[in-house]
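Visitor: Dropping a structure here in structure tokens format, bear with me for questions.
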Amino acid sequence: MSQKSGKGAGAGTKVPVKGKKGGKKVEDEREETLQAVILADSFETRFNPFTLETPRCLLPLANTPLIEYTLEFLAMSSVADIFVYCGAHTEEVERYIQATKWYPPNSIASPFNTLEIVKTTARSVGDALRDLDARDLITGDFLLVHGDLVSNLPIDQALAAHRARRTADKNAIMTIVLRDEGLEPQREHSKGIAPVFVLDPTNNRCLHYEEMHPLQANKYVNIDPDLVKENTEMEIRTDLIDCGIDICTPDVLALWAESFDYEVPRRHFLHGVLKDYELNGKTIHTEIIENRYAARASNLQSYDAVSKDVLERWTFPFVPDSNLFAGQSYRYGKGGICKENGVVLSRTCNIGKRTILGKDTRVEEGSKVSSSIIGRRCTIGKNVTIKESYIWDDVTIGDGSTVERAIIANKAIVGQKSHIRPGALVSYGVHIDGNQEVKGSSRITRAKRRKNSIEEEVPPDPKIVGETGSGYAFEDKDEVSDDEATAFHSTLIYSTAHLNISTESISTISSEISAPSPATSRSRHSSFISEDSESCTNEAFHHDAVEGLLGTLRENGDFDSAKLEFMGLRLSNNATDQQIRRAIAVAFTKRISQLVENDKLDATKAAAQAFGVSGADRFIKNVAIGDDGSEADQVDFIYRLQKDLVHRSNGAMILAAVSQRLYQMEILEEKAFLKWWGESEGLGEGEDDGMKAVRGKTKVFIDWLEEAEEEDSDEDEDDDESD
């Protein structure tokens, strides 16, 4: 990489390089520059519907695009070369960055030597990092961060510790920067998926990593017994906030390149590298910081939490009145109110503490605004109440309306006397009629809907936006079907009060050394999660198992061969029978759904093709149902198919076709189908609407089974009479 002289950000650690000159040894001091990789695309849908139209790294946080905070952090960290990895909305990100002070070719004020936009077709973080490895852009230590990082942390101490370890041991390949939660204000986002780090306090080495699902009934950590034997001291930390800052050597990219099944940095890469330490010999360490701020706005709850931290000035100097972003003119006033030039406030309006008001925004008589962030050129009518909300630029809110704990995006209009309930997301340009109520679970957008690779306009839904409104309810089927936990990340408000979740701490190391008591003893196939909790999943197993089976289905491979890999995953992840059936069901329904939607096959032909792959019938019989083929296991497998198809297009047609196919192949028995149907019918009004709808078209098949059973019963009676 070329370097510009005279830039503080290009300065790095001086490394002595020995050579010869005139027969004498000399030392040439060269500077080891620090590089950085920004993942500008999260490859997730947690910020939908906003990210349908705008890349996540350009969404505003406290009226400043998220990537500005990330670039400020890297400038403060003396980074020389930056590579911005883009996937969705690449052109928009490129256009934005090239117009900023950060872009070296156009700005002599840029602190960076190079800032390169890397375009990619990657569909995951893993794909992006494998692509980065193939490009040979990284020449030494580099920071791996996301484009939604907000941090005032000086990286010097962590970087020095990393380089010292790397010099002493070439197998020390990565340092993860973590923040002690003691500094963190207690907010709701802490109830989400919690990272669990098992550390060796003597050398800050990370020994084990896993994640606690918010729906788990109990909190257990499953640690390899060998780790317990080999380490005299261990700390199990659940009070650490993952800042999303990794100091890496190029060996990290090599490990990503070797493992094509890794998709995300923690749940796959970190967990996998630590689990395979005996094979790869690589060590990963941690640096725990205090009295500094670092966090990612990685989902809507953390966006809310980080925004509040900005309002409370935990992120100083990255606060609005520092006016770091070009053209800003904020001033911090009494009561924690921060406003730009041109703000017009009526005499009778009430602006509460911890509020930000953007340039040329107007608040009319009798309106109340508290703990909220309002963008530029917004018009807030008379007697409006806005509480703990995020109103972006050019928004109009009509007289007498209320907005509470909601996000309203650019150029949206809320009519008079309308009510935006807590948790609602109103996207770009949406028009809500007067006297409307927008429910807290609503996600409303005007974005074009992609269907068969063609974008098409979606007509307004009067039930959602009113008769003269504009917008429709956004639904992301893949988001819900892939992992129920992601649904929580895609809502502004995270609440699990209705789920009766246990709050017991992580206090048990389950291993061969510390055997469970008889009261908690489980079978060898049981998990450490309550098997009665339907939403509990073994994420690592589920993801890897589904992807492996999907690969076999797509390639029309051989399930007899795939079985070996699947059983290895089962044992290494201690998967339960329920989790096994769920993974197999999801793999087949996903494949059939793809054949229906992409290849335009009807559901019957798609089911025949999927279940017709070599060895598929034996695999399902032996692995999903079990050798004994118990009726209960068969019913559970049908239920898993039904549950996944609730969130898929043509789910009802697919379930009917799959049911008939499994019966014809003698994989599932008549009694199992009848019992499943009877149990579902028995729920009555207690049955979930989606579950009920998706089984609707299977009634014809069930009726046929019942008629056949009656005929058999009549024939048996006739035979008895003739005897």
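Residue numbers start at 1 in each chain; chains themselves are named A, B, ... in the order of the structure tokens; ligands are numbered from 1 in the order shown.
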Looking only at strand (DSSP E) from DSSP on the backbone, list the matching residues of segment 257-501 of chain A as a PyMOL selection string.

Guide: chain A and resi 283-289+294-296+331-332+337-339+344-345+350-351+355-357+362-363+368-370+373-374+379-380+385-387+390-391+396-397+402-404+407-408+413-414+419-420+425-426+431-432+437-438+443-445+449-451+454-456+472-473

Visitor: Deliver the residues from the most recent selection as a file, using C-alpha atoms, as a PDB file, in the first residue's frame.

Guide:
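Result file follows (out_14.pdb):
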ATOM      1  CA  THR A 283      -5.065 -18.940  20.498  1.00  0.00           C
ATOM      2  CA  ILE A 284      -7.458 -16.012  20.856  1.00  0.00           C
ATOM      3  CA  HIS A 285      -7.185 -13.468  23.646  1.00  0.00           C
ATOM      4  CA  THR A 286      -9.349 -10.713  25.082  1.00  0.00           C
ATOM      5  CA  GLU A 287      -8.788  -7.152  26.198  1.00  0.00           C
ATOM      6  CA  ILE A 288     -11.395  -5.949  28.699  1.00  0.00           C
ATOM      7  CA  ILE A 289     -11.815  -2.188  28.866  1.00  0.00           C
ATOM      8  CA  ALA A 294     -17.707   1.003  22.721  1.00  0.00           C
ATOM      9  CA  ALA A 295     -20.851  -0.622  21.358  1.00  0.00           C
ATOM     10  CA  ARG A 296     -22.491  -1.648  18.114  1.00  0.00           C
ATOM     11  CA  ARG A 331     -25.220  23.589  20.909  1.00  0.00           C
ATOM     12  CA  TYR A 332     -25.703  21.883  24.243  1.00  0.00           C
ATOM     13  CA  ILE A 337     -31.291  19.812  25.249  1.00  0.00           C
ATOM     14  CA  CYS A 338     -29.084  19.862  22.179  1.00  0.00           C
ATOM     15  CA  LYS A 339     -30.282  21.805  19.145  1.00  0.00           C
ATOM     16  CA  VAL A 344     -38.160  27.185  16.052  1.00  0.00           C
ATOM     17  CA  LEU A 345     -39.907  26.410  19.358  1.00  0.00           C
ATOM     18  CA  ASN A 350     -42.323  21.667  26.311  1.00  0.00           C
ATOM     19  CA  ILE A 351     -38.943  20.185  25.357  1.00  0.00           C
ATOM     20  CA  THR A 355     -33.552  15.661  23.492  1.00  0.00           C
ATOM     21  CA  ILE A 356     -31.844  16.505  20.194  1.00  0.00           C
ATOM     22  CA  LEU A 357     -33.424  18.830  17.624  1.00  0.00           C
ATOM     23  CA  ARG A 362     -40.357  23.497  14.137  1.00  0.00           C
ATOM     24  CA  VAL A 363     -42.368  22.508  17.240  1.00  0.00           C
ATOM     25  CA  LYS A 368     -44.287  17.874  24.382  1.00  0.00           C
ATOM     26  CA  VAL A 369     -41.012  16.219  23.337  1.00  0.00           C
ATOM     27  CA  SER A 370     -38.879  14.204  25.762  1.00  0.00           C
ATOM     28  CA  ILE A 373     -34.040  12.653  18.725  1.00  0.00           C
ATOM     29  CA  ILE A 374     -35.642  14.717  15.973  1.00  0.00           C
ATOM     30  CA  THR A 379     -42.667  19.905  11.488  1.00  0.00           C
ATOM     31  CA  ILE A 380     -44.244  18.917  14.800  1.00  0.00           C
ATOM     32  CA  THR A 385     -46.629  14.185  22.303  1.00  0.00           C
ATOM     33  CA  ILE A 386     -43.309  12.542  21.365  1.00  0.00           C
ATOM     34  CA  LYS A 387     -41.607  10.324  23.915  1.00  0.00           C
ATOM     35  CA  TYR A 390     -36.463   8.716  16.781  1.00  0.00           C
ATOM     36  CA  ILE A 391     -37.801  11.063  14.139  1.00  0.00           C
ATOM     37  CA  THR A 396     -44.379  15.915   9.477  1.00  0.00           C
ATOM     38  CA  ILE A 397     -46.500  14.978  12.510  1.00  0.00           C
ATOM     39  CA  THR A 402     -48.739  10.829  19.821  1.00  0.00           C
ATOM     40  CA  VAL A 403     -45.518   8.954  19.087  1.00  0.00           C
ATOM     41  CA  GLU A 404     -43.967   6.756  21.750  1.00  0.00           C
ATOM     42  CA  ILE A 407     -38.883   5.214  14.671  1.00  0.00           C
ATOM     43  CA  ILE A 408     -40.232   7.399  11.865  1.00  0.00           C
ATOM     44  CA  ILE A 413     -46.201  11.988   7.328  1.00  0.00           C
ATOM     45  CA  VAL A 414     -48.357  11.219  10.356  1.00  0.00           C
ATOM     46  CA  HIS A 419     -51.245   7.289  17.528  1.00  0.00           C
ATOM     47  CA  ILE A 420     -47.936   5.558  16.826  1.00  0.00           C
ATOM     48  CA  LEU A 425     -41.384   1.319  12.604  1.00  0.00           C
ATOM     49  CA  VAL A 426     -42.568   3.771   9.924  1.00  0.00           C
ATOM     50  CA  HIS A 431     -48.147   8.552   4.866  1.00  0.00           C
ATOM     51  CA  ILE A 432     -50.362   7.686   7.826  1.00  0.00           C
ATOM     52  CA  GLU A 437     -53.609   3.836  15.250  1.00  0.00           C
ATOM     53  CA  VAL A 438     -50.350   2.151  14.274  1.00  0.00           C
ATOM     54  CA  ARG A 443     -43.410  -2.247  10.228  1.00  0.00           C
ATOM     55  CA  ILE A 444     -44.748  -0.038   7.456  1.00  0.00           C
ATOM     56  CA  THR A 445     -42.966   0.721   4.194  1.00  0.00           C
ATOM     57  CA  ARG A 449     -41.440  -5.522  -3.416  1.00  0.00           C
ATOM     58  CA  ARG A 450     -39.112  -7.870  -5.290  1.00  0.00           C
ATOM     59  CA  LYS A 451     -40.881 -10.806  -6.892  1.00  0.00           C
ATOM     60  CA  ILE A 454     -38.598  -7.919 -10.646  1.00  0.00           C
ATOM     61  CA  GLU A 455     -39.383  -4.922  -8.445  1.00  0.00           C
ATOM     62  CA  GLU A 456     -43.039  -4.003  -8.339  1.00  0.00           C
ATOM     63  CA  TYR A 472     -48.180  -1.381   3.509  1.00  0.00           C
ATOM     64  CA  ALA A 473     -47.195  -3.806   6.281  1.00  0.00           C
TER      65      ALA A 473
END

Visitor: Residues of segment 214-335 of chain A classed as alpha helix (DSSP H) by DSSP on the backbone are to be reported as a ChimeraX atom specification.

Guide: /A:225-230,250-258,271-275,277-280,300-311

Visitor: Take the residues from that selection and put them in a file with N, CA and C atoms, as an mmCIF file, in the first residue's frame.

Guide:
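Below you can see part_24.cif, which holds the result:
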data_model
loop_
_atom_site.group_PDB
_atom_site.id
_atom_site.type_symbol
_atom_site.label_atom_id
_atom_site.label_comp_id
_atom_site.auth_asym_id
_atom_site.auth_seq_id
_atom_site.Cartn_x
_atom_site.Cartn_y
_atom_site.Cartn_z
ATOM 1 N N PRO A 225 -14.542 -31.141 29.202
ATOM 2 C CA PRO A 225 -13.866 -31.532 30.457
ATOM 3 C C PRO A 225 -12.354 -31.344 30.416
ATOM 4 N N ASP A 226 -11.754 -31.483 29.224
ATOM 5 C CA ASP A 226 -10.304 -31.309 29.119
ATOM 6 C C ASP A 226 -9.882 -29.886 29.479
ATOM 7 N N LEU A 227 -10.736 -28.900 29.151
ATOM 8 C CA LEU A 227 -10.415 -27.518 29.512
ATOM 9 C C LEU A 227 -10.372 -27.347 31.023
ATOM 10 N N VAL A 228 -11.291 -28.006 31.691
ATOM 11 C CA VAL A 228 -11.330 -27.915 33.150
ATOM 12 C C VAL A 228 -10.075 -28.544 33.754
ATOM 13 N N LYS A 229 -9.625 -29.637 33.176
ATOM 14 C CA LYS A 229 -8.439 -30.327 33.692
ATOM 15 C C LYS A 229 -7.168 -29.540 33.420
ATOM 16 N N GLU A 230 -7.102 -28.904 32.243
ATOM 17 C CA GLU A 230 -5.858 -28.258 31.810
ATOM 18 C C GLU A 230 -5.657 -26.869 32.389
ATOM 19 N N PRO A 250 -3.108 -11.795 9.757
ATOM 20 C CA PRO A 250 -3.602 -12.421 8.517
ATOM 21 C C PRO A 250 -3.986 -13.889 8.695
ATOM 22 N N ASP A 251 -3.471 -14.544 9.742
ATOM 23 C CA ASP A 251 -3.851 -15.943 9.993
ATOM 24 C C ASP A 251 -5.347 -16.101 10.226
ATOM 25 N N VAL A 252 -5.978 -15.048 10.722
ATOM 26 C CA VAL A 252 -7.427 -15.098 10.945
ATOM 27 C C VAL A 252 -8.154 -15.303 9.617
ATOM 28 N N LEU A 253 -7.738 -14.568 8.597
ATOM 29 C CA LEU A 253 -8.359 -14.724 7.274
ATOM 30 C C LEU A 253 -8.110 -16.122 6.714
ATOM 31 N N ALA A 254 -6.932 -16.659 6.970
ATOM 32 C CA ALA A 254 -6.619 -18.008 6.484
ATOM 33 C C ALA A 254 -7.558 -19.042 7.099
ATOM 34 N N LEU A 255 -7.879 -18.866 8.394
ATOM 35 C CA LEU A 255 -8.806 -19.803 9.052
ATOM 36 C C LEU A 255 -10.213 -19.668 8.494
ATOM 37 N N TRP A 256 -10.631 -18.444 8.198
ATOM 38 C CA TRP A 256 -11.930 -18.263 7.549
ATOM 39 C C TRP A 256 -11.940 -18.975 6.199
ATOM 40 N N ALA A 257 -10.840 -18.842 5.455
ATOM 41 C CA ALA A 257 -10.771 -19.442 4.122
ATOM 42 C C ALA A 257 -10.816 -20.962 4.168
ATOM 43 N N GLU A 258 -10.296 -21.545 5.245
ATOM 44 C CA GLU A 258 -10.271 -23.004 5.360
ATOM 45 C C GLU A 258 -11.624 -23.593 5.753
ATOM 46 N N HIS A 271 -16.360 -19.721 18.116
ATOM 47 C CA HIS A 271 -16.710 -20.990 18.755
ATOM 48 C C HIS A 271 -15.953 -22.144 18.101
ATOM 49 N N GLY A 272 -15.879 -22.134 16.751
ATOM 50 C CA GLY A 272 -15.227 -23.226 16.035
ATOM 51 C C GLY A 272 -13.726 -23.286 16.248
ATOM 52 N N VAL A 273 -13.056 -22.125 16.196
ATOM 53 C CA VAL A 273 -11.600 -22.094 16.375
ATOM 54 C C VAL A 273 -11.229 -22.549 17.783
ATOM 55 N N LEU A 274 -11.988 -22.090 18.777
ATOM 56 C CA LEU A 274 -11.694 -22.501 20.151
ATOM 57 C C LEU A 274 -11.956 -23.988 20.351
ATOM 58 N N LYS A 275 -13.013 -24.495 19.759
ATOM 59 C CA LYS A 275 -13.349 -25.910 19.900
ATOM 60 C C LYS A 275 -12.295 -26.798 19.239
ATOM 61 N N TYR A 277 -9.056 -26.207 18.947
ATOM 62 C CA TYR A 277 -7.713 -25.752 19.331
ATOM 63 C C TYR A 277 -6.668 -26.851 19.157
ATOM 64 N N GLU A 278 -7.007 -28.072 19.492
ATOM 65 C CA GLU A 278 -6.044 -29.170 19.372
ATOM 66 C C GLU A 278 -5.626 -29.396 17.926
ATOM 67 N N LEU A 279 -6.490 -29.031 16.979
ATOM 68 C CA LEU A 279 -6.170 -29.227 15.560
ATOM 69 C C LEU A 279 -5.396 -28.054 14.991
ATOM 70 N N ASN A 280 -5.815 -26.820 15.320
ATOM 71 C CA ASN A 280 -5.183 -25.658 14.688
ATOM 72 C C ASN A 280 -4.107 -25.003 15.544
ATOM 73 N N LEU A 300 -32.195 -3.342 16.541
ATOM 74 C CA LEU A 300 -33.005 -2.192 16.923
ATOM 75 C C LEU A 300 -32.952 -1.892 18.411
ATOM 76 N N GLN A 301 -32.802 -2.948 19.238
ATOM 77 C CA GLN A 301 -32.693 -2.664 20.671
ATOM 78 C C GLN A 301 -31.383 -1.952 20.992
ATOM 79 N N SER A 302 -30.276 -2.397 20.371
ATOM 80 C CA SER A 302 -29.000 -1.746 20.641
ATOM 81 C C SER A 302 -28.949 -0.360 19.995
ATOM 82 N N TYR A 303 -29.654 -0.166 18.878
ATOM 83 C CA TYR A 303 -29.768 1.179 18.293
ATOM 84 C C TYR A 303 -30.416 2.130 19.302
ATOM 85 N N ASP A 304 -31.470 1.646 19.937
ATOM 86 C CA ASP A 304 -32.154 2.424 20.962
ATOM 87 C C ASP A 304 -31.219 2.701 22.146
ATOM 88 N N ALA A 305 -30.503 1.660 22.589
ATOM 89 C CA ALA A 305 -29.621 1.801 23.750
ATOM 90 C C ALA A 305 -28.458 2.749 23.468
ATOM 91 N N VAL A 306 -27.820 2.604 22.299
ATOM 92 C CA VAL A 306 -26.679 3.470 21.969
ATOM 93 C C VAL A 306 -27.149 4.915 21.785
ATOM 94 N N SER A 307 -28.321 5.096 21.194
ATOM 95 C CA SER A 307 -28.864 6.454 21.042
ATOM 96 C C SER A 307 -29.050 7.113 22.405
ATOM 97 N N LYS A 308 -29.567 6.350 23.354
ATOM 98 C CA LYS A 308 -29.749 6.891 24.707
ATOM 99 C C LYS A 308 -28.399 7.188 25.359
ATOM 100 N N ASP A 309 -27.392 6.365 25.056
ATOM 101 C CA ASP A 309 -26.057 6.617 25.602
ATOM 102 C C ASP A 309 -25.466 7.899 25.025
ATOM 103 N N VAL A 310 -25.770 8.181 23.753
ATOM 104 C CA VAL A 310 -25.334 9.449 23.156
ATOM 105 C C VAL A 310 -26.038 10.613 23.855
ATOM 106 N N LEU A 311 -27.337 10.466 24.084
ATOM 107 C CA LEU A 311 -28.095 11.517 24.759
ATOM 108 C C LEU A 311 -27.540 11.779 26.165
#

Visitor: What's around Gly140 of chain A at 10 Å? Count only C-alpha atoms, leave out sequence neighbours fewer than 6 positions away in its own chain, and write the answer as a list of chain:residue names.

Guide: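 Those residues are A:Glu32, A:Thr33, A:Leu34, A:Gln35, A:Cys248, A:Thr249, A:Pro250, A:Asp251.
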
Visitor: For the selection you just gave me, I'd like the residues written to a file as a PDB file, in the first residue's frame, keeping N, CA and C atoms.

Guide:
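again_8.pdb, written as the output of this step:
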ATOM      1  N   GLU A  32       5.368  -0.235  11.120  1.00  0.00           N
ATOM      2  CA  GLU A  32       4.335  -1.240  10.881  1.00  0.00           C
ATOM      3  C   GLU A  32       2.989  -0.534  10.912  1.00  0.00           C
ATOM      4  N   THR A  33       2.410  -0.323   9.756  1.00  0.00           N
ATOM      5  CA  THR A  33       1.146   0.404   9.679  1.00  0.00           C
ATOM      6  C   THR A  33      -0.016  -0.493  10.086  1.00  0.00           C
ATOM      7  N   LEU A  34      -1.053   0.144  10.554  1.00  0.00           N
ATOM      8  CA  LEU A  34      -2.246  -0.578  10.976  1.00  0.00           C
ATOM      9  C   LEU A  34      -3.322  -0.428   9.912  1.00  0.00           C
ATOM     10  N   GLN A  35      -3.872  -1.553   9.482  1.00  0.00           N
ATOM     11  CA  GLN A  35      -4.951  -1.546   8.509  1.00  0.00           C
ATOM     12  C   GLN A  35      -6.277  -1.819   9.208  1.00  0.00           C
ATOM     13  N   CYS A 248      -6.605  -8.415  14.529  1.00  0.00           N
ATOM     14  CA  CYS A 248      -6.341  -9.698  13.876  1.00  0.00           C
ATOM     15  C   CYS A 248      -4.997  -9.709  13.163  1.00  0.00           C
ATOM     16  N   THR A 249      -4.450 -10.910  13.024  1.00  0.00           N
ATOM     17  CA  THR A 249      -3.326 -11.142  12.123  1.00  0.00           C
ATOM     18  C   THR A 249      -3.889 -11.761  10.842  1.00  0.00           C
ATOM     19  N   PRO A 250      -3.108 -11.795   9.757  1.00  0.00           N
ATOM     20  CA  PRO A 250      -3.602 -12.421   8.517  1.00  0.00           C
ATOM     21  C   PRO A 250      -3.986 -13.889   8.695  1.00  0.00           C
ATOM     22  N   ASP A 251      -3.471 -14.544   9.742  1.00  0.00           N
ATOM     23  CA  ASP A 251      -3.851 -15.943   9.993  1.00  0.00           C
ATOM     24  C   ASP A 251      -5.347 -16.101  10.226  1.00  0.00           C
TER      25      ASP A 251
END

Visitor: Between A:Val658, A:Val395, A:Ala447, A:Ala80, single out the one closest to Ile638 of chain A, counting only C-alpha atoms.

Guide: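 Among the listed residues, A:Val658 lies closest to Ile638 of chain A.
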
Visitor: Find the residues around Tyr262 of chain A up to 6 Å (only C-alpha atoms counted), leave out those fewer than 6 positions away in its own chain, and share them as a ChimeraX atom specification.

Guide: /A:126,268-269

Visitor: So which one's closest to Ala585 of chain A, A:Thr90, A:Ser630, A:Ser659, A:Gln664? Using only C-alpha atoms, please.

Guide: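 Nearest to Ala585 of chain A: A:Ser659.
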
Visitor: Need the shell around Gly327 of chain A: protein/DNA/RNA residues with any atom at most 12 Å away, counting only C-alpha atoms. Skip same-chain ones fewer than 2 positions apart. Format as number ranges by chain?

Guide: A: 63-64, 100-101, 320-325, 329-330, 340-341, 358-359, 376
